[in-house]
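S.K.: Sharing run-v9.tsv here; it has TSV, C-alpha atoms.
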```tsv
chain	number	residue	atom	x	y	z
E	81	MET	CA	152.99	65.52	249.35
E	82	SER	CA	150.15	62.98	249.39
E	83	ARG	CA	146.61	64.26	249.49
E	84	LEU	CA	144.84	60.90	249.28
E	85	LEU	CA	142.99	59.78	252.40
E	86	SER	CA	143.84	56.27	253.60
E	87	ARG	CA	140.19	55.19	253.38
E	88	TYR	CA	140.11	56.26	249.73
E	89	ALA	CA	143.35	54.42	249.01
E	90	GLU	CA	141.91	51.24	250.53
E	91	SER	CA	138.63	51.57	248.64
E	92	ILE	CA	140.45	52.05	245.32
E	93	TYR	CA	142.64	49.02	246.06
E	94	TRP	CA	139.64	46.82	246.86
E	95	LEU	CA	137.57	48.14	243.96
E	96	ALA	CA	140.23	46.84	241.60
E	97	ARG	CA	140.52	43.51	243.41
E	98	TYR	CA	136.78	42.81	243.43
E	99	VAL	CA	136.28	43.58	239.74
E	100	GLU	CA	139.28	41.43	238.84
E	101	ARG	CA	137.92	38.66	241.07
E	102	ALA	CA	134.52	38.70	239.37
E	103	GLU	CA	136.08	38.47	235.91
E	104	ASN	CA	138.38	35.62	236.90
E	105	LEU	CA	135.53	33.67	238.46
E	106	ALA	CA	133.41	34.08	235.33
E	107	ARG	CA	136.29	32.73	233.23
E	108	ILE	CA	136.77	29.74	235.53
E	109	LEU	CA	133.07	28.84	235.58
E	110	ASP	CA	132.73	29.18	231.82
E	111	VAL	CA	135.76	27.03	231.07
E	112	ASN	CA	134.94	24.48	233.76
E	113	GLU	CA	131.43	23.97	232.39
E	114	THR	CA	132.93	23.15	228.99
E	115	PHE	CA	135.45	20.68	230.40
E	116	SER	CA	133.09	19.04	232.88
E	117	ARG	CA	131.21	17.13	230.19
E	118	ASP	CA	132.85	13.78	230.96
E	119	SER	CA	132.77	11.00	233.52
E	120	ARG	CA	134.72	13.18	235.96
E	121	GLY	CA	132.26	16.06	235.83
E	122	TRP	CA	131.34	15.91	239.54
E	123	GLN	CA	135.00	16.10	240.52
E	124	ASN	CA	135.51	19.07	238.20
E	125	TRP	CA	132.78	21.05	239.97
E	126	GLN	CA	134.19	19.96	243.31
E	127	SER	CA	137.52	21.43	242.23
E	128	ILE	CA	135.98	24.92	242.00
E	129	LEU	CA	135.07	24.70	245.69
E	130	GLN	CA	138.61	23.54	246.45
E	131	LEU	CA	140.05	26.35	244.36
E	132	TYR	CA	138.43	28.96	246.63
E	133	SER	CA	138.55	26.91	249.86
E	134	ASP	CA	134.74	27.01	250.03
E	135	GLU	CA	133.89	23.37	250.65
E	136	GLU	CA	132.86	23.81	254.27
E	137	ARG	CA	130.63	26.80	253.58
E	138	PHE	CA	129.08	25.16	250.51
E	139	PHE	CA	128.17	21.88	252.21
E	140	GLU	CA	126.54	23.68	255.11
E	141	SER	CA	123.51	24.19	252.87
E	142	LYS	CA	124.11	21.83	249.90
E	143	SER	CA	124.42	18.07	249.80
E	144	LYS	CA	125.98	17.67	246.35
E	145	ALA	CA	128.54	19.64	244.35
E	146	ASP	CA	126.78	19.34	241.02
E	147	ALA	CA	126.67	21.91	238.24
E	148	GLU	CA	123.40	23.53	239.30
E	149	ASN	CA	124.36	24.02	242.95
E	150	VAL	CA	127.93	25.16	242.35
E	151	LEU	CA	126.96	27.56	239.57
E	152	TYR	CA	124.33	29.29	241.66
E	153	PHE	CA	126.67	29.38	244.67
E	154	TYR	CA	129.32	31.21	242.65
E	155	THR	CA	127.13	33.47	240.52
E	156	LEU	CA	123.92	34.83	242.07
E	157	ASP	CA	124.05	33.60	245.69
E	158	GLN	CA	124.31	36.80	247.71
E	159	SER	CA	124.82	34.81	250.92
E	160	ASN	CA	128.14	33.55	249.50
E	161	PRO	CA	130.82	36.26	249.88
E	162	THR	CA	132.89	34.70	247.08
E	163	SER	CA	130.14	34.76	244.43
E	164	ILE	CA	130.23	37.01	241.39
E	165	ILE	CA	127.29	39.10	242.58
E	166	SER	CA	128.92	39.56	246.01
E	167	ALA	CA	132.18	40.67	244.39
E	168	VAL	CA	130.41	43.16	242.13
E	169	ASN	CA	128.34	44.44	245.05
E	170	ALA	CA	131.52	44.95	247.09
E	171	ALA	CA	133.14	46.76	244.15
E	172	ARG	CA	130.04	48.97	243.89
E	173	ALA	CA	130.13	49.73	247.63
E	174	ASN	CA	133.76	50.84	247.33
E	175	ALA	CA	132.91	52.90	244.27
E	176	ARG	CA	130.18	54.66	246.25
E	177	THR	CA	132.78	55.66	248.83
E	178	LEU	CA	134.94	56.95	245.98
E	179	ARG	CA	132.27	59.11	244.29
E	180	PRO	CA	134.31	62.32	244.86
E	181	LEU	CA	137.28	60.72	243.05
E	182	ILE	CA	135.97	58.50	240.26
E	183	SER	CA	134.23	59.51	237.05
E	184	THR	CA	130.46	59.44	236.66
E	185	GLU	CA	130.94	56.86	233.91
E	186	MET	CA	132.74	54.49	236.30
E	187	TRP	CA	129.96	54.74	238.88
E	188	ILE	CA	127.08	54.37	236.41
E	189	GLN	CA	128.60	51.32	234.73
E	190	LEU	CA	129.21	49.50	238.02
E	191	ASN	CA	125.74	50.39	239.26
E	192	ILE	CA	124.09	49.04	236.09
E	193	PHE	CA	126.29	45.93	236.25
E	194	TYR	CA	125.20	45.11	239.80
E	195	ASN	CA	121.51	45.81	239.17
E	196	THR	CA	121.59	43.61	236.07
E	197	LEU	CA	122.98	40.71	238.09
E	198	ARG	CA	120.45	41.27	240.84
E	199	SER	CA	117.57	41.03	238.33
E	200	LEU	CA	118.63	37.60	237.05
E	201	LYS	CA	116.88	34.40	238.12
E	202	ARG	CA	118.43	31.06	239.00
E	203	GLU	CA	116.92	29.37	235.95
E	204	GLU	CA	118.89	31.72	233.71
E	205	LEU	CA	122.06	29.81	234.64
E	206	THR	CA	121.09	26.61	232.85
E	207	GLU	CA	123.62	25.09	230.47
E	208	PRO	CA	122.53	26.80	227.21
E	209	ARG	CA	122.61	30.21	228.90
E	210	LEU	CA	125.67	29.87	231.12
E	211	ALA	CA	128.18	30.82	228.41
E	212	ARG	CA	126.18	33.94	227.63
E	213	PHE	CA	126.04	34.87	231.32
E	214	CYS	CA	129.80	34.41	231.80
E	215	THR	CA	130.52	36.39	228.64
E	216	SER	CA	128.35	39.26	229.87
E	217	VAL	CA	130.19	39.31	233.22
E	218	LYS	CA	133.61	39.30	231.55
E	219	GLU	CA	132.58	42.05	229.16
E	220	ALA	CA	131.17	44.18	232.00
E	221	CYS	CA	134.42	43.80	233.96
E	222	GLN	CA	136.48	44.66	230.89
E	223	THR	CA	134.23	47.66	230.24
E	224	HIS	CA	134.94	48.84	233.78
E	225	THR	CA	138.66	48.41	233.16
E	226	GLY	CA	138.45	50.40	229.93
E	227	ILE	CA	136.42	53.22	231.49
E	228	THR	CA	138.83	53.37	234.41
E	229	GLU	CA	141.81	53.47	232.06
E	230	GLY	CA	140.26	56.32	230.12
E	231	THR	CA	138.81	58.46	232.91
E	232	PHE	CA	140.62	57.86	236.22
E	233	TYR	CA	142.89	60.71	237.26
E	234	ARG	CA	146.56	59.70	237.38
E	235	ASP	CA	147.45	60.39	240.98
E	236	GLU	CA	148.20	58.10	243.94
E	237	GLY	CA	144.80	56.45	243.54
E	238	TRP	CA	145.70	55.15	240.10
E	239	PHE	CA	148.75	53.37	241.50
E	240	PHE	CA	146.73	51.78	244.32
E	241	TYR	CA	144.21	50.59	241.73
E	242	GLN	CA	146.96	48.91	239.72
E	243	VAL	CA	148.49	47.34	242.83
E	244	GLY	CA	145.13	45.83	243.83
E	245	ARG	CA	144.48	44.44	240.38
E	246	ALA	CA	147.94	42.88	240.11
E	247	ILE	CA	147.77	41.24	243.54
E	248	GLU	CA	144.39	39.71	242.70
E	249	ARG	CA	145.64	38.45	239.34
E	250	ALA	CA	148.70	36.81	240.87
E	251	ASP	CA	146.57	35.17	243.56
E	252	GLN	CA	144.11	33.77	241.00
E	253	THR	CA	146.91	32.36	238.83
E	254	THR	CA	148.55	30.55	241.73
E	255	ARG	CA	145.20	29.08	242.79
E	256	LEU	CA	144.59	27.72	239.31
E	257	LEU	CA	147.98	26.04	239.16
E	258	ASP	CA	147.71	24.59	242.65
E	259	VAL	CA	144.32	23.02	241.98
E	260	LYS	CA	145.50	21.54	238.70
E	261	TYR	CA	148.57	19.93	240.23
E	262	HIS	CA	146.97	18.57	243.37
E	263	LEU	CA	143.27	18.05	242.78
E	264	LEU	CA	142.31	17.57	239.16
E	265	LEU	CA	144.63	14.67	238.31
E	266	PRO	CA	145.71	12.72	241.39
E	267	ARG	CA	146.47	9.59	239.35
E	268	GLU	CA	150.05	9.62	238.06
E	269	GLU	CA	149.22	7.44	235.07
E	270	ALA	CA	146.89	10.13	233.72
E	271	VAL	CA	149.71	12.66	233.27
E	272	GLY	CA	150.35	13.25	229.58
E	273	SER	CA	147.03	11.76	228.50
E	274	PRO	CA	144.55	13.56	226.22
E	275	PHE	CA	142.45	14.33	229.31
E	276	ASP	CA	145.51	15.86	230.96
E	277	ALA	CA	146.11	18.05	227.90
E	278	SER	CA	142.48	19.18	227.90
E	279	GLN	CA	142.75	20.20	231.55
E	280	TRP	CA	145.89	22.25	230.92
E	281	ASN	CA	144.03	23.83	228.01
E	282	ALA	CA	141.26	24.73	230.48
E	283	VAL	CA	143.77	26.24	232.91
E	284	LEU	CA	145.19	28.46	230.16
E	285	ARG	CA	141.75	29.61	229.07
E	286	SER	CA	140.71	30.29	232.66
E	287	ALA	CA	143.71	32.61	232.91
E	288	ALA	CA	142.90	34.21	229.51
E	289	GLY	CA	146.29	32.92	228.37
E	290	TYR	CA	145.57	30.39	225.63
E	291	HIS	CA	146.37	32.56	222.60
E	292	ALA	CA	149.35	34.22	224.27
E	293	PHE	CA	150.69	30.76	225.16
E	294	ARG	CA	150.31	29.62	221.55
E	295	ARG	CA	152.43	32.54	220.38
E	296	VAL	CA	155.26	31.23	222.55
E	297	TYR	CA	154.52	27.51	222.05
E	298	PRO	CA	152.93	27.14	218.58
E	299	SER	CA	152.53	23.36	218.84
E	300	GLY	CA	151.96	20.96	221.69
E	301	ILE	CA	150.93	21.47	225.27
E	302	SER	CA	152.50	20.11	228.44
E	303	GLN	CA	152.28	20.70	232.16
E	304	THR	CA	155.83	22.06	232.25
E	305	ALA	CA	155.24	24.58	229.46
E	306	VAL	CA	151.89	25.81	230.82
E	307	ALA	CA	153.02	26.06	234.43
E	308	GLY	CA	156.22	27.83	233.42
E	309	PHE	CA	154.29	30.27	231.23
E	310	LEU	CA	151.80	31.18	233.96
E	311	LEU	CA	154.45	31.52	236.62
E	312	PHE	CA	157.45	33.04	234.87
E	313	HIS	CA	156.68	34.59	231.47
E	314	SER	CA	157.36	38.30	231.91
E	315	ARG	CA	155.35	39.41	228.85
E	316	PHE	CA	152.08	37.74	229.80
E	317	PRO	CA	150.23	40.25	232.02
E	318	ARG	CA	148.57	37.60	234.18
E	319	SER	CA	151.71	35.63	234.98
E	320	VAL	CA	152.85	35.72	238.59
E	321	ARG	CA	156.20	37.20	237.59
E	322	ALA	CA	154.61	40.03	235.56
E	323	CYS	CA	152.16	40.81	238.37
E	324	GLY	CA	154.87	40.79	241.03
E	325	ARG	CA	157.01	43.17	239.02
E	326	GLU	CA	154.04	45.50	238.40
E	327	ILE	CA	153.20	45.65	242.12
E	328	ALA	CA	156.82	46.45	242.98
E	329	ASP	CA	157.06	49.12	240.26
E	330	ARG	CA	153.82	50.83	241.33
E	331	LEU	CA	154.84	50.86	245.00
E	332	THR	CA	158.23	52.28	244.08
E	333	GLU	CA	156.51	55.06	242.12
E	334	LEU	CA	154.21	55.80	245.06
E	335	ARG	CA	157.21	56.20	247.33
E	336	SER	CA	159.35	58.22	244.90
E	337	THR	CA	156.78	60.38	243.10
E	338	TYR	CA	154.37	61.03	245.96
E	339	ARG	CA	156.87	60.72	248.81
E	340	LEU	CA	154.91	58.02	250.59
E	341	LYS	CA	157.79	56.88	252.74
E	342	ARG	CA	155.97	53.92	254.23
E	343	GLY	CA	155.62	50.61	252.46
E	344	SER	CA	159.22	49.49	252.79
E	345	ARG	CA	158.20	46.19	254.37
E	346	ALA	CA	155.81	45.47	251.49
E	347	LEU	CA	158.63	46.19	249.03
E	348	GLU	CA	160.96	43.88	250.93
E	349	GLU	CA	158.45	41.04	250.55
E	350	LEU	CA	158.04	41.84	246.85
E	351	ASP	CA	161.77	42.13	246.20
E	352	GLU	CA	162.30	38.62	247.56
E	353	LEU	CA	159.37	37.30	245.53
E	354	CYS	CA	160.56	38.96	242.31
E	355	ALA	CA	164.14	37.80	242.80
E	356	VAL	CA	163.02	34.18	243.06
E	357	LEU	CA	160.66	34.48	240.09
E	358	ASP	CA	163.45	36.04	238.01
E	359	ASP	CA	165.92	33.24	238.74
E	360	ALA	CA	163.88	30.05	239.18
E	361	THR	CA	163.03	27.64	236.37
E	362	ILE	CA	159.92	25.51	236.07
E	363	GLU	CA	162.04	22.35	236.17
E	364	GLN	CA	163.48	23.38	239.53
E	365	VAL	CA	160.02	24.16	240.88
E	366	ILE	CA	158.57	20.81	239.79
E	367	ASN	CA	161.52	18.90	241.23
E	368	LYS	CA	161.24	20.64	244.60
E	369	GLY	CA	157.43	20.63	244.70
E	370	MET	CA	154.92	22.79	242.85
E	371	HIS	CA	152.49	22.97	245.78
E	372	GLU	CA	155.20	24.11	248.18
E	373	PHE	CA	156.39	26.77	245.75
E	374	ILE	CA	152.87	28.10	245.13
E	375	ASP	CA	152.18	28.08	248.86
E	376	TRP	CA	155.29	30.20	249.37
E	377	ILE	CA	154.14	32.68	246.69
E	378	GLN	CA	150.71	32.97	248.30
E	379	ILE	CA	152.28	33.63	251.69
E	380	LYS	CA	154.36	36.41	250.11
E	381	LEU	CA	151.24	37.94	248.53
E	382	ILE	CA	149.36	37.78	251.85
E	383	ARG	CA	152.25	39.43	253.66
E	384	THR	CA	152.47	42.11	250.96
E	385	HIS	CA	148.74	42.78	251.33
E	386	THR	CA	149.09	42.97	255.11
E	387	GLU	CA	152.03	45.36	254.95
E	388	LEU	CA	150.13	47.58	252.51
E	389	GLY	CA	147.27	47.73	255.00
E	390	LEU	CA	149.63	48.62	257.82
E	391	ALA	CA	151.47	51.25	255.80
E	392	TYR	CA	148.67	52.95	253.90
E	393	PHE	CA	145.19	51.84	254.98
E	394	GLY	CA	145.37	52.43	258.71
E	395	TYR	CA	145.21	48.79	259.83
E	396	PRO	CA	146.10	48.15	263.52
E	397	GLN	CA	149.79	47.40	263.57
E	398	GLN	CA	150.45	44.44	265.83
E	399	ALA	CA	147.13	42.67	265.35
E	400	GLU	CA	147.45	42.66	261.57
E	401	ARG	CA	151.07	41.55	261.56
E	402	ASP	CA	150.27	38.72	263.98
E	403	ALA	CA	147.41	37.60	261.73
E	404	ALA	CA	149.79	37.26	258.80
E	405	GLN	CA	152.15	34.93	260.60
```
Kindly transcribe the structure held in the file into structure tokens.

M.R.:
Amino acid sequence: MSRLLSRYAESIYWLARYVERAENLARILDVNETFSRDSRGWQNWQSILQLYSDEERFFESKSKADAENVLYFYTLDQSNPTSIISAVNAARANARTLRPLISTEMWIQLNIFYNTLRSLKREELTEPRLARFCTSVKEACQTHTGITEGTFYRDEGWFFYQVGRAIERADQTTRLLDVKYHLLLPREEAVGSPFDASQWNAVLRSAAGYHAFRRVYPSGISQTAVAGFLLFHSRFPRSVRACGREIADRLTELRSTYRLKRGSRALEELDELCAVLDDATIEQVINKGMHEFIDWIQIKLIRTHTELGLAYFGYPQQAERDAAQ
């Protein structure tokens, strides 16, 4: 029988999501800074706001989406809930709730990580130092992942941690693809150009998939190959297909091993998602509409998240289900 309190399950789930979110954002900012050194640099920084649907909140206090403003907004701005420091602070708050369950090493590392970010100044995000900052964030997140892997007790909490991480990864991958297809290159004549190839290169690196992609496609780069790899390749851990299968497997184990009989609705959503990802091809997706397909995946992920909250985290039933519609 389960002995894990619902509030602990939710905190573990969100701890994983927030750390994964911080790492992904650091990757995106680092890669975007490299690929913004061209005549379209302003639009590239604008695309980060579009990626996270933050344009309205950003322009409430900023007049221009330049490198300086966008970088601060997404790194050290504690008033922005989608910044790196806000994500790490939220992860730390969840870790504090979990002190009876997590190792001392996990707590100390997250605490040091947050306090290090809080001590940084805005001027430390200038171009020569940005790469170093992003590298330090990625390494801190990976250190957390390694400590968690090596010290976290393998009970129900471990499965909720993996579910949270996989949902966040799938969400980030779909956002990257959607922005690339609809916002970075609106001009049809630019498709296939060297600039187009460089942007797909940036998408791969933002998803930490460049070297894995090259193992499958040793030469050349195209929108079809990259999009197909990030959506459907089962052996790349950040692909949507791999993440969807991991979520389904972990939920199945929760139900079978720990007799958590709820969660059937979440599994139904995932089964439909995984079935489509197993059978679809990238050519079919492009022909029918990449944006529409990604939008459908995101709706499935949102519904899965909602059903998890209803089943395991004590969310109000009808209100939450209505909000997901």

S.K.: So that each row is one residue of stretch 294-362 of chain E with an atom at most 12 Å from stretch 367-383 of chain E, can you give its shortest atom pair and the distance in Å to one decimal, using all atoms listed in the file, rows by chain and rising number, as a tab-separated table?

M.R.:
```
residue	atom	partner	partner_atom	distance
E:Gln303	CA	E:Met370	CA	11.2
E:Thr304	CA	E:Met370	CA	10.7
E:Ala307	CA	E:Met370	CA	9.2
E:Gly308	CA	E:Met370	CA	10.8
E:Leu310	CA	E:Ile374	CA	11.6
E:Leu311	CA	E:Ile374	CA	9.3
E:Val320	CA	E:Ile377	CA	8.7
E:Arg321	CA	E:Ile377	CA	10.4
E:Cys323	CA	E:Leu381	CA	10.6
E:Gly324	CA	E:Leu381	CA	8.8
E:Ile327	CA	E:Leu381	CA	10.2
E:Ala328	CA	E:Leu381	CA	11.6
E:Gly343	CA	E:Arg383	CA	11.7
E:Arg345	CA	E:Arg383	CA	9.0
E:Ala346	CA	E:Arg383	CA	7.3
E:Leu347	CA	E:Arg383	CA	10.4
E:Glu348	CA	E:Lys380	CA	10.0
E:Glu349	CA	E:Lys380	CA	6.2
E:Leu350	CA	E:Lys380	CA	7.3
E:Asp351	CA	E:Lys380	CA	10.1
E:Glu352	CA	E:Lys380	CA	8.6
E:Leu353	CA	E:Lys380	CA	6.8
E:Cys354	CA	E:Ile377	CA	10.0
E:Ala355	CA	E:Ile377	CA	11.9
E:Val356	CA	E:Ile377	CA	9.7
E:Leu357	CA	E:Ile377	CA	9.5
E:Ala360	CA	E:Phe373	CA	10.5
E:Thr361	CA	E:Asn367	CA	10.1
E:Ile362	CA	E:Asn367	CA	8.5
```

S.K.: Within 10 Å of E:Leu178, counting all atoms listed in the file, which residues qualify if same-chain residues fewer than 6 places away don't, as an MDAnalysis selection string?

M.R.: chainID E and resid 87:89 91:92 95 172 187

S.K.: Please determine an axis-aligned box that encloses all atoms of stretch 335-349 of chain E listed in the file, with 5 Å added on each side, and express its centre and edge lengths in Å to one decimal as lines of an AutoDock Vina configuration file.

M.R.:
```
center_x = 157.7
center_y = 51.0
center_z = 248.7
size_x = 16.6
size_y = 30.0
size_z = 21.3
```

S.K.: Using all atoms listed in the file, which residue out of E:Glu100, E:Asp157, E:Glu135, E:Glu113 lies closest to E:Lys201?

M.R.: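 Result for the nearest residue to E:Lys201: E:Asp157.
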
S.K.: In Å to one decimal, how far is atom CA of E:Thr253 from atom CA of E:Asp134?

M.R.: 17.4 Å

S.K.: Choose the residue, out of E:Arg101, E:Arg255, E:Lys260, E:Arg325, that has the smallest atom-to-atom separation from E:Ser133; count all atoms listed in the file.

M.R.: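 Among the listed residues, E:Arg255 lies closest to E:Ser133.
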
S.K.: Could you tell me how far atom CA of E:Thr155 lies from atom CA of E:Ala250, in Å and to one decimal?

M.R.: 21.8 Å
